[in-house]
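Heads up, coords-v7.tsv below (TSV, C-alpha atoms):
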```
chain	number	residue	atom	x	y	z
A	1	MET	CA	6.09	16.28	10.34
A	2	ASN	CA	5.31	19.58	11.99
A	3	GLY	CA	4.11	21.31	8.86
A	4	PHE	CA	4.99	22.95	5.61
A	5	LEU	CA	8.10	25.09	5.69
A	6	ASN	CA	8.78	28.35	3.88
A	7	ASP	CA	8.83	28.83	0.13
A	8	SER	CA	12.48	27.83	-0.20
A	9	PHE	CA	12.32	24.36	1.28
A	10	ASN	CA	13.78	21.73	-0.98
A	11	ARG	CA	12.31	18.92	-3.02
A	12	HIS	CA	13.41	16.20	-0.58
A	13	ILE	CA	11.44	17.75	2.25
A	14	ALA	CA	8.39	18.12	-0.03
A	15	ALA	CA	8.70	14.43	-0.92
A	16	ASP	CA	8.89	13.48	2.76
A	17	ILE	CA	5.80	15.51	3.62
A	18	LEU	CA	3.76	14.21	0.69
A	19	SER	CA	4.88	10.64	1.42
A	20	HIS	CA	3.60	11.08	4.97
A	21	ILE	CA	0.26	12.37	3.64
A	22	VAL	CA	-0.07	9.49	1.18
A	23	THR	CA	0.77	6.96	3.91
A	24	LYS	CA	-2.04	8.32	6.08
A	25	VAL	CA	-4.53	8.42	3.19
A	26	LEU	CA	-3.76	4.77	2.46
A	27	GLU	CA	-4.21	4.01	6.16
A	28	CYS	CA	-7.66	5.62	5.98
A	29	ILE	CA	-8.52	3.54	2.93
A	30	ASP	CA	-7.50	0.41	4.85
A	31	LEU	CA	-9.83	1.50	7.67
A	32	MET	CA	-12.61	2.21	5.18
A	33	ARG	CA	-12.21	-1.19	3.57
A	34	GLU	CA	-12.22	-2.95	6.95
A	35	ASP	CA	-15.29	-1.03	8.15
A	36	CYS	CA	-17.21	-1.63	4.93
A	37	GLU	CA	-16.39	-5.34	4.96
A	38	ASN	CA	-17.47	-5.68	8.61
A	39	ASN	CA	-20.71	-3.78	7.97
A	40	LEU	CA	-21.42	-5.37	4.57
A	41	LYS	CA	-21.32	-1.92	3.02
A	42	LYS	CA	-20.82	-1.62	-0.74
A	43	LEU	CA	-20.12	1.44	-2.90
A	44	ASP	CA	-20.95	2.19	-6.51
A	45	ASN	CA	-18.10	1.66	-8.94
A	46	ASN	CA	-17.63	5.40	-9.33
A	47	GLU	CA	-14.57	7.43	-8.40
A	48	ILE	CA	-16.64	10.33	-7.01
A	49	VAL	CA	-18.66	7.98	-4.79
A	50	ILE	CA	-15.48	6.31	-3.48
A	51	ARG	CA	-13.74	9.65	-2.95
A	52	ASP	CA	-16.72	11.20	-1.18
A	53	TYR	CA	-17.14	8.21	1.13
A	54	LEU	CA	-13.43	8.34	1.98
A	55	TYR	CA	-13.57	12.09	2.55
A	56	CYS	CA	-16.80	12.28	4.57
A	57	ASN	CA	-16.16	9.34	6.85
A	58	TYR	CA	-12.38	9.40	7.30
A	59	LEU	CA	-10.36	12.32	5.92
A	60	ASN	CA	-12.84	14.87	7.26
A	61	ASP	CA	-13.54	13.12	10.56
A	62	ASP	CA	-11.68	14.55	13.56
A	63	THR	CA	-11.94	11.33	15.55
A	64	VAL	CA	-10.38	9.27	12.77
A	65	MET	CA	-7.66	11.84	12.15
A	66	ARG	CA	-6.72	11.86	15.83
A	67	SER	CA	-6.73	8.07	15.99
A	68	ILE	CA	-4.07	7.86	13.25
A	69	ASN	CA	-2.05	10.83	14.58
A	70	PHE	CA	-2.85	12.98	11.57
A	71	ASP	CA	-4.92	15.72	13.14
A	72	ASN	CA	-2.67	18.57	12.00
A	73	TYR	CA	-3.76	18.20	8.36
A	74	ARG	CA	-6.99	19.23	6.71
A	75	PHE	CA	-8.52	17.96	3.47
A	76	ILE	CA	-10.89	19.95	1.26
A	77	SER	CA	-12.88	18.16	-1.44
A	78	GLU	CA	-13.85	19.24	-4.98
A	79	VAL	CA	-12.01	22.56	-4.97
A	80	PRO	CA	-11.95	25.06	-7.87
A	81	GLU	CA	-8.38	25.35	-9.13
A	82	ASN	CA	-6.16	27.61	-11.23
A	83	TYR	CA	-8.27	30.69	-11.98
A	84	VAL	CA	-7.91	32.32	-15.40
A	85	ASP	CA	-9.97	35.45	-16.13
A	86	ASN	CA	-11.74	34.93	-12.80
A	87	LYS	CA	-12.85	31.40	-13.70
A	88	PRO	CA	-11.36	28.10	-12.49
A	89	ILE	CA	-10.02	25.85	-15.24
A	90	GLY	CA	-9.96	22.78	-13.02
A	91	ARG	CA	-11.50	21.18	-9.95
A	92	ALA	CA	-9.18	19.24	-7.65
A	93	ASP	CA	-10.52	16.12	-5.94
A	94	LEU	CA	-8.66	16.86	-2.70
A	95	GLN	CA	-6.51	19.72	-1.44
A	96	VAL	CA	-4.34	18.98	1.59
A	97	PHE	CA	-3.21	21.71	3.99
A	98	ASN	CA	-1.25	21.62	7.19
A	99	ILE	CA	-3.40	23.35	9.79
A	100	GLU	CA	-0.41	25.25	11.19
A	101	GLN	CA	0.13	26.83	7.78
A	102	PHE	CA	-3.53	27.10	6.75
A	103	ARG	CA	-3.28	30.88	6.60
A	104	HIS	CA	-1.00	30.54	3.57
A	105	ARG	CA	-3.66	29.99	0.94
A	106	ALA	CA	-1.40	28.75	-1.86
A	107	GLN	CA	0.54	26.19	0.16
A	108	TYR	CA	-1.16	22.85	-0.35
A	109	PHE	CA	-0.79	19.53	-2.12
A	110	ILE	CA	-3.39	18.14	-4.52
A	111	ILE	CA	-4.63	14.54	-4.70
A	112	GLU	CA	-6.43	13.57	-7.90
A	113	CYS	CA	-8.61	10.43	-7.71
A	114	LYS	CA	-9.23	7.97	-10.53
A	115	ARG	CA	-10.27	4.32	-10.84
A	116	ILE	CA	-8.04	1.55	-12.19
A	117	ASP	CA	-9.29	-1.82	-13.43
A	118	GLY	CA	-6.51	-3.02	-15.74
A	119	ASN	CA	-8.32	-2.01	-18.92
A	120	LEU	CA	-7.33	0.53	-21.55
A	121	THR	CA	-10.33	2.84	-21.01
A	122	LEU	CA	-9.55	3.65	-17.39
A	123	ASN	CA	-5.81	3.73	-18.03
A	124	ARG	CA	-6.36	6.41	-20.66
A	125	LYS	CA	-8.65	8.29	-18.30
A	126	TYR	CA	-6.00	8.07	-15.59
A	127	ILE	CA	-3.60	9.88	-17.92
A	128	ASP	CA	-5.99	12.16	-19.83
A	129	GLU	CA	-8.12	13.31	-16.89
A	130	GLY	CA	-5.57	12.77	-14.15
A	131	MET	CA	-1.87	13.14	-14.89
A	132	ARG	CA	-2.41	15.64	-17.68
A	133	ARG	CA	-4.08	18.03	-15.24
A	134	PHE	CA	-0.71	18.38	-13.51
A	135	VAL	CA	1.83	17.95	-16.31
A	136	GLY	CA	0.17	18.57	-19.66
A	137	ARG	CA	1.04	21.53	-21.86
A	138	MET	CA	-1.72	23.54	-20.20
A	139	PRO	CA	-2.05	22.18	-16.64
A	140	LYS	CA	-5.43	22.65	-14.97
A	141	TYR	CA	-3.95	22.45	-11.48
A	142	THR	CA	-1.45	24.61	-9.69
A	143	SER	CA	1.58	22.97	-8.12
A	144	TYR	CA	3.02	25.10	-5.34
A	145	TYR	CA	5.44	22.43	-4.15
A	146	ASN	CA	6.01	20.93	-7.63
A	147	MET	CA	4.84	17.60	-6.24
A	148	ASN	CA	1.34	16.10	-6.03
A	149	CYS	CA	-0.45	12.76	-5.89
A	150	MET	CA	-2.52	10.55	-8.17
A	151	LEU	CA	-4.75	8.17	-6.18
A	152	GLY	CA	-5.83	5.23	-8.31
A	153	PHE	CA	-8.62	3.22	-6.68
A	154	VAL	CA	-8.09	-0.37	-7.86
A	155	VAL	CA	-11.60	-1.74	-8.43
A	156	LYS	CA	-10.73	-5.14	-9.94
A	157	ASN	CA	-8.26	-7.82	-8.90
A	158	ILE	CA	-5.35	-7.03	-11.20
A	159	ASP	CA	-1.58	-7.17	-11.25
A	160	VAL	CA	-0.83	-3.56	-10.31
A	161	GLN	CA	2.77	-3.71	-11.54
A	162	LYS	CA	1.59	-5.01	-14.91
A	163	ASN	CA	-0.91	-2.18	-15.12
A	164	VAL	CA	1.79	0.36	-14.24
A	165	ASP	CA	3.83	-1.07	-17.11
A	166	SER	CA	0.81	-0.50	-19.36
A	167	LEU	CA	0.53	3.12	-18.19
A	168	ASN	CA	4.20	3.66	-18.98
A	169	GLN	CA	3.76	2.16	-22.43
A	170	LEU	CA	0.82	4.47	-23.11
A	171	LEU	CA	2.84	7.48	-21.99
A	172	GLN	CA	5.69	6.47	-24.29
A	173	LYS	CA	3.51	5.70	-27.31
A	174	ASP	CA	0.39	7.87	-27.24
A	175	TYR	CA	1.10	10.79	-24.91
A	176	THR	CA	4.31	12.29	-26.23
A	177	ASP	CA	2.94	15.76	-25.45
A	178	ILE	CA	3.34	14.94	-21.75
A	179	HIS	CA	6.95	15.55	-20.81
A	180	VAL	CA	8.36	12.56	-18.89
A	181	GLU	CA	11.86	12.44	-17.45
A	182	GLU	CA	11.26	9.28	-15.42
A	183	TYR	CA	8.33	6.94	-16.00
A	184	LEU	CA	6.43	5.38	-13.10
A	185	TYR	CA	8.73	3.32	-10.88
A	186	THR	CA	8.39	1.82	-7.41
A	187	TRP	CA	8.40	4.38	-4.59
A	188	ARG	CA	9.24	4.07	-0.90
A	189	ILE	CA	5.67	3.29	0.25
A	190	LEU	CA	3.89	0.00	-0.39
A	191	ARG	CA	1.47	0.27	-3.34
A	192	THR	CA	3.01	3.50	-4.60
A	193	TYR	CA	5.09	4.66	-7.55
A	194	ILE	CA	6.65	7.95	-8.60
A	195	SER	CA	7.15	9.69	-11.93
A	196	SER	CA	9.12	12.79	-12.86
A	197	HIS	CA	7.96	15.38	-15.39
A	198	GLY	CA	10.63	18.03	-15.24
A	199	ARG	CA	9.48	20.66	-12.77
A	200	VAL	CA	6.63	18.51	-11.42
A	201	THR	CA	6.82	15.12	-9.71
A	202	LEU	CA	3.83	12.83	-9.15
A	203	ILE	CA	3.39	10.14	-6.54
A	204	HIS	CA	0.98	7.41	-7.71
A	205	ALA	CA	-0.81	5.31	-5.07
A	206	PHE	CA	-2.92	2.27	-6.00
A	207	PRO	CA	-4.95	1.04	-3.00
A	208	ASN	CA	-7.00	-2.15	-3.37
A	209	CYS	CA	-10.68	-1.18	-3.26
A	210	VAL	CA	-12.14	-4.33	-4.82
A	211	SER	CA	-14.10	-5.42	-1.75
A	212	LEU	CA	-15.77	-1.99	-1.54
A	213	ILE	CA	-17.42	-2.19	-4.93
A	214	GLU	CA	-21.04	-3.20	-5.50
A	215	GLU	CA	-21.18	-5.87	-8.18
A	216	ARG	CA	-23.81	-5.06	-10.77
A	217	PRO	CA	-25.53	-7.78	-12.80
A	218	ILE	CA	-24.60	-7.74	-16.48
```
If you convert what's in this file into structure tokens, what do you get?
Amino acid sequence: MNGFLNDSFNRHIAADILSHIVTKVLECIDLMREDCENNLKKLDNNEIVIRDYLYCNYLNDDTVMRSINFDNYRFISEVPENYVDNKPIGRADLQVFNIEQFRHRAQYFIIECKRIDGNLTLNRKYIDEGMRRFVGRMPKYTSYYNMNCMLGFVVKNIDVQKNVDSLNQLLQKDYTDIHVEEYLYTWRILRTYISSHGRVTLIHAFPNCVSLIEERPI
């Protein structure tokens, strides 16, 4: 993976590059979970808190990036996206650039972060405030490579496949405005799925973050 190619590179190469990115992000989450468990560190059950901890301590740390052989990529957090009349209509959780192609401002992938706990509320949020930002009738995010990532932090011990089935059922029943050619199905990387929405494809990764979460008394 030496970097993004020119504008004409095909979908298969885009999938390979994004798969590599997702693999390394999941590796960072594994490191984060191990470090937090060893240091008895807990995080609030909040997607921004989890994302920021991941970004500050791993994705934006040169030492960590070198240690996992991923130093040629750069992540930028909470980025204004898709300007209309000089105002952004969205804010991406993470933009991912290859440092060799950083001068090309439009050439990046987006990773949108959400929590998953097996319940309807967060599943709807995953679609409404996550997937829809890429593939709704009026997308809030650009999609230079027509392929991006949803990162679903799993914050309760659930059957991920069963929850993916629930997401697919919601898409079929309640979100007919979102064009779906292929519903979420198992992808090449452990803990990931892929869905096709015509021009845009989404990779969905569901890392286990249960041990990271601070349990609050009811």
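Atom CA of Lys173 of chain A is positioned 29.0 Å from atom CA of Ile48 of chain A.
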Discussion item. Considering all atoms listed in the file, can you say which of A:Val154, A:Leu202, A:Ile189, A:Leu120 comes closest to Arg132 of chain A?
Written reply: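 Looking at the shortest contact to Arg132 of chain A, the residue is A:Leu202.
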Worksheet item: Could you state the separation of atom CA of Leu18 of chain A and atom CA of Gly130 of chain A in Å, given to one decimal place?
Response: 17.6 Å
Practice prompt. May I ask which of the residues A:Ser211, A:Leu40, A:Asn72, A:Arg11 is the closest one to Val155 of chain A, counting all atoms listed in the file?
Written response: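 Of A:Ser211, A:Leu40, A:Asn72, A:Arg11, the one nearest Val155 of chain A is A:Ser211, counting all atoms listed in the file.
Nearest residue to Leu54 of chain A, choosing from A:Val79, A:Ile17, A:Leu94, A:Met147 and counting only C-alpha atoms: A:Leu94.
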